[in-house]
Structure formats: structure tokens, C-alpha cells
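**Student:** Below you'll find entry-v9.pdb; it's PDB, C-alpha atoms.
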ATOM      1  CA  MET A   1     -18.009  -6.445 -12.495
ATOM      2  CA  THR A   2     -17.770  -9.615 -10.427
ATOM      3  CA  GLU A   3     -15.558  -9.997  -7.369
ATOM      4  CA  THR A   4     -13.346 -12.355  -9.383
ATOM      5  CA  GLU A   5     -12.953  -9.820 -12.202
ATOM      6  CA  LYS A   6     -12.106  -7.141  -9.635
ATOM      7  CA  LEU A   7      -9.403  -9.442  -8.230
ATOM      8  CA  VAL A   8      -7.998 -10.089 -11.717
ATOM      9  CA  GLN A   9      -7.743  -6.335 -12.296
ATOM     10  CA  ALA A  10      -6.039  -5.854  -8.928
ATOM     11  CA  CYS A  11      -3.496  -8.596  -9.712
ATOM     12  CA  VAL A  12      -2.713  -7.036 -13.095
ATOM     13  CA  ALA A  13      -2.343  -3.620 -11.423
ATOM     14  CA  GLY A  14       0.028  -5.146  -8.863
ATOM     15  CA  ILE A  15       2.289  -6.432 -11.614
ATOM     16  CA  GLN A  16       2.121  -3.145 -13.516
ATOM     17  CA  GLU A  17       2.889  -1.140 -10.364
ATOM     18  CA  LYS A  18       6.414  -2.576 -10.244
ATOM     19  CA  LYS A  19       7.006  -2.555 -14.017
ATOM     20  CA  GLY A  20       6.262  -6.231 -14.660
ATOM     21  CA  LYS A  21       6.098  -7.187 -18.327
ATOM     22  CA  LYS A  22       4.283  -9.485 -20.764
ATOM     23  CA  ILE A  23       1.138  -9.759 -18.641
ATOM     24  CA  ARG A  24      -1.380 -12.275 -19.877
ATOM     25  CA  VAL A  25      -4.835 -13.025 -18.448
ATOM     26  CA  VAL A  26      -6.167 -16.513 -19.190
ATOM     27  CA  ASN A  27      -9.922 -16.935 -18.661
ATOM     28  CA  LEU A  28     -10.657 -20.576 -17.803
ATOM     29  CA  GLU A  29     -14.303 -20.118 -16.775
ATOM     30  CA  ASN A  30     -15.653 -21.922 -19.844
ATOM     31  CA  ILE A  31     -13.209 -24.825 -19.696
ATOM     32  CA  ASP A  32     -14.100 -27.987 -17.800
ATOM     33  CA  ASP A  33     -11.982 -29.466 -15.010
ATOM     34  CA  THR A  34      -9.758 -26.497 -14.226
ATOM     35  CA  ILE A  35      -8.662 -25.691 -10.689
ATOM     36  CA  THR A  36      -9.236 -21.950 -11.048
ATOM     37  CA  LYS A  37     -11.257 -19.435 -13.053
ATOM     38  CA  TYR A  38      -8.403 -17.178 -14.159
ATOM     39  CA  LEU A  39      -4.636 -17.222 -14.520
ATOM     40  CA  VAL A  40      -2.673 -13.996 -14.464
ATOM     41  CA  ILE A  41       0.840 -14.488 -15.829
ATOM     42  CA  GLY A  42       3.626 -11.929 -15.818
ATOM     43  CA  GLU A  43       7.363 -11.607 -15.562
ATOM     44  CA  GLY A  44      10.137  -9.644 -13.947
ATOM     45  CA  ASN A  45      13.712  -9.294 -15.148
ATOM     46  CA  SER A  46      15.339 -10.761 -12.032
ATOM     47  CA  PRO A  47      14.537 -12.702  -8.868
ATOM     48  CA  SER A  48      14.514  -9.431  -6.898
ATOM     49  CA  GLN A  49      11.964  -7.918  -9.287
ATOM     50  CA  VAL A  50       9.836 -11.085  -9.078
ATOM     51  CA  ALA A  51       9.855 -10.662  -5.282
ATOM     52  CA  ALA A  52       8.788  -7.009  -5.639
ATOM     53  CA  LEU A  53       6.014  -7.971  -8.084
ATOM     54  CA  THR A  54       4.793 -10.664  -5.685
ATOM     55  CA  ASP A  55       4.615  -8.203  -2.788
ATOM     56  CA  SER A  56       2.887  -5.612  -4.967
ATOM     57  CA  VAL A  57       0.221  -8.078  -6.135
ATOM     58  CA  LYS A  58      -0.517  -9.083  -2.535
ATOM     59  CA  VAL A  59      -0.791  -5.447  -1.371
ATOM     60  CA  ILE A  60      -2.994  -4.256  -4.241
ATOM     61  CA  ALA A  61      -5.233  -7.357  -4.208
ATOM     62  CA  ARG A  62      -5.828  -6.800  -0.515
ATOM     63  CA  ARG A  63      -6.442  -3.060  -0.957
ATOM     64  CA  ASP A  64      -8.567  -3.114  -4.132
ATOM     65  CA  ALA A  65     -10.295  -6.502  -3.962
ATOM     66  CA  ASP A  66     -10.184  -7.288  -0.231
ATOM     67  CA  SER A  67      -8.451 -10.594  -1.028
ATOM     68  CA  ARG A  68      -5.630 -12.477   0.613
ATOM     69  CA  PRO A  69      -3.900 -15.459  -0.984
ATOM     70  CA  THR A  70      -4.605 -18.952   0.272
ATOM     71  CA  ALA A  71      -1.040 -19.938  -0.678
ATOM     72  CA  VAL A  72       2.156 -18.426  -2.063
ATOM     73  CA  ASP A  73       4.884 -20.703  -3.395
ATOM     74  CA  GLY A  74       8.287 -20.074  -4.967
ATOM     75  CA  THR A  75       9.499 -17.178  -2.838
ATOM     76  CA  ARG A  76      12.608 -19.075  -1.764
ATOM     77  CA  ASN A  77      14.331 -18.483  -5.121
ATOM     78  CA  ASN A  78      11.861 -16.114  -6.880
ATOM     79  CA  LEU A  79      12.312 -17.700 -10.308
ATOM     80  CA  TRP A  80       8.628 -18.705 -10.499
ATOM     81  CA  VAL A  81       6.196 -17.546  -7.835
ATOM     82  CA  ALA A  82       2.603 -18.757  -7.732
ATOM     83  CA  ILE A  83       0.064 -16.763  -5.719
ATOM     84  CA  ASP A  84      -3.191 -18.681  -5.184
ATOM     85  CA  TYR A  85      -6.400 -16.725  -4.585
ATOM     86  CA  THR A  86      -8.547 -19.827  -5.349
ATOM     87  CA  ASP A  87     -10.513 -18.299  -8.279
ATOM     88  CA  VAL A  88      -7.402 -16.510  -9.572
ATOM     89  CA  VAL A  89      -3.880 -17.918  -9.645
ATOM     90  CA  VAL A  90      -1.028 -15.511 -10.397
ATOM     91  CA  HIS A  91       2.231 -16.794 -11.905
ATOM     92  CA  ILE A  92       5.228 -14.464 -11.895
ATOM     93  CA  PHE A  93       8.376 -15.655 -13.663
ATOM     94  CA  VAL A  94      11.855 -14.612 -14.623
ATOM     95  CA  PRO A  95      12.021 -14.841 -18.467
ATOM     96  CA  ASP A  96      14.046 -18.098 -18.648
ATOM     97  CA  ALA A  97      11.691 -19.944 -16.292
ATOM     98  CA  ARG A  98       8.621 -18.672 -18.145
ATOM     99  CA  GLU A  99      10.012 -19.918 -21.440
ATOM    100  CA  PHE A 100      11.049 -23.274 -19.943
ATOM    101  CA  TYR A 101       7.738 -24.086 -18.210
ATOM    102  CA  ASP A 102       5.582 -22.543 -20.984
ATOM    103  CA  VAL A 103       2.514 -22.170 -18.748
ATOM    104  CA  ASP A 104       1.130 -19.628 -21.243
ATOM    105  CA  HIS A 105       0.275 -22.339 -23.766
ATOM    106  CA  LEU A 106      -1.258 -25.026 -21.554
ATOM    107  CA  TRP A 107      -4.794 -23.770 -22.185
ATOM    108  CA  GLU A 108      -4.763 -22.717 -25.830
ATOM    109  CA  ASP A 109      -8.559 -23.088 -26.052
ATOM    110  CA  ALA A 110      -9.045 -20.507 -23.275
ATOM    111  CA  GLU A 111      -9.857 -16.853 -23.786
ATOM    112  CA  ILE A 112      -6.478 -15.089 -23.575
ATOM    113  CA  THR A 113      -5.952 -11.363 -23.119
ATOM    114  CA  ASP A 114      -2.502  -9.850 -23.470
ATOM    115  CA  ILE A 115      -2.068  -6.648 -21.441
ATOM    116  CA  PRO A 116       0.174  -4.030 -23.097
ATOM    117  CA  ASP A 117       3.379  -3.228 -21.214
ATOM    118  CA  ILE A 118       3.486   0.117 -19.445
ATOM    119  CA  ASP A 119       6.732   1.922 -20.181
TER     120      ASP A 119
END
Represent the structure of the file as C-alpha cells.
**Tutor:**
Amino acid sequence: MTETEKLVQACVAGIQEKKGKKIRVVNLENIDDTITKYLVIGEGNSPSQVAALTDSVKVIARRDADSRPTAVDGTRNNLWVAIDYTDVVVHIFVPDAREFYDVDHLWEDAEITDIPDID
């Protein structure tokens, strides 16, 4: 397993830890002119859950993959938070924002893996 794959797993685990839903991993490694190798997309039911998911991703990525984000944006309102680890970018949305921005379908030719919800 590569360091990038380990980071992807840690980011997914961070979302799952706080009961995030509809997690999707988008592998962009075989697509030209992308700014990252992977996207990890998930959602929380409210801005406060998005904040908790964001904190959880940062803690678990640091613990399990020894990674710290280069940037975190969107924490002012927690409707859409982006956590940039360079090779992996995590997007955490509230449902309305996810539907509106439709980031999930920007790279339809990418390899997409949907992670089952943990209930």
C-alpha cells in the first residue's frame, strides 16, 4: 500500500468515526491535468457534524498516515469544508451543498468507489 493509499484510508476512517455518510473515493491518478490524485467526498447532517468530521479526519490522518493538511477551507460556516493533503483532497458537505455543487460528478471518467455507510 502506498503512502497516498494509506492517507485515503485514514481520511475515510476519519469520516466514518463520526458517522459521516455517503463516502465516495474518486481515483484521479489516471486522468491528465488534475490537481490531486484522490478525492474523498462525504457528508454530515449539519454544520456541527461537518465540523466534527473535519476534526476527525485531521486527527486520524495525522495518527494513521502521519499527514497534516496543507490547507483547510470552509470552516467558517461548515457547509462545505475542503481539506487539502496535496495528493488527497477531502470534501465534506451538508447534503444541500453537496447536491448543489455536485462535485461527485465532475470526473465521471475516474475510478469511483462508494464506501458503504456504517450504521
**Student:** Report the distance between CA of Ala71 in chain A and CA of Lys22 in chain A in Å, rounded to one decimal place.
**Tutor:**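 Computed distance, CA of Ala71 in chain A to CA of Lys22 in chain A, equals 23.3 Å.
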**Student:** Out of A:Glu99, A:Glu43, A:Asp66, A:Asp109, which residue has the shortest atom-to-atom distance to Val81 in chain A when counting only C-alpha atoms?
**Tutor:**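 Nearest to Val81 in chain A: A:Glu43.
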**Student:** Check which residues satisfy the PyMOL selection byres ((chain A and resi 82-90) around 10) in the file shown, then give them as a PyMOL selection string.
**Tutor:** chain A and resi 3-5+7-8+11-12+15+25-29+35-42+54+57-58+61+67-75+78+80-81+91-93
**Student:** Excluding Asp117 in chain A and any residue of its chain fewer than 3 positions from it, enumerate the residues within 10 Å of it, using only C-alpha atoms, and give them as a list in words.
**Tutor:**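 Non-adjacent residues within range: Gln16, Lys19, Gly20, Lys21, Lys22, Ile23 and Asp114 of chain A.
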**Student:** From the set A:Ala65, A:Asp55, A:Ile31, A:Val50, which residue has the shortest atom-to-atom contact distance to Glu108 in chain A, counting all atoms listed in the file?
**Tutor:**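 Smallest separation from Glu108 in chain A among the options: A:Ile31.
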**Student:** How many Å separate CA of Glu17 in chain A from CA of Ala51 in chain A?
**Tutor:** 12.8 Å
**Student:** In Å, with one decimal, what is the gap from CA of Thr34 in chain A to CA of Trp107 in chain A?
**Tutor:** 9.8 Å
**Student:** If you take every atom of range 98-113 of chain A that the file lists and fit an axis-aligned box around them with 4 Å extra on each side, what centre and edge lengths come out in Å to one decimal, as lines of an AutoDock Vina configuration file?
**Tutor:**
center_x = 0.6
center_y = -18.2
center_z = -22.1
size_x = 28.9
size_y = 21.7
size_z = 15.9
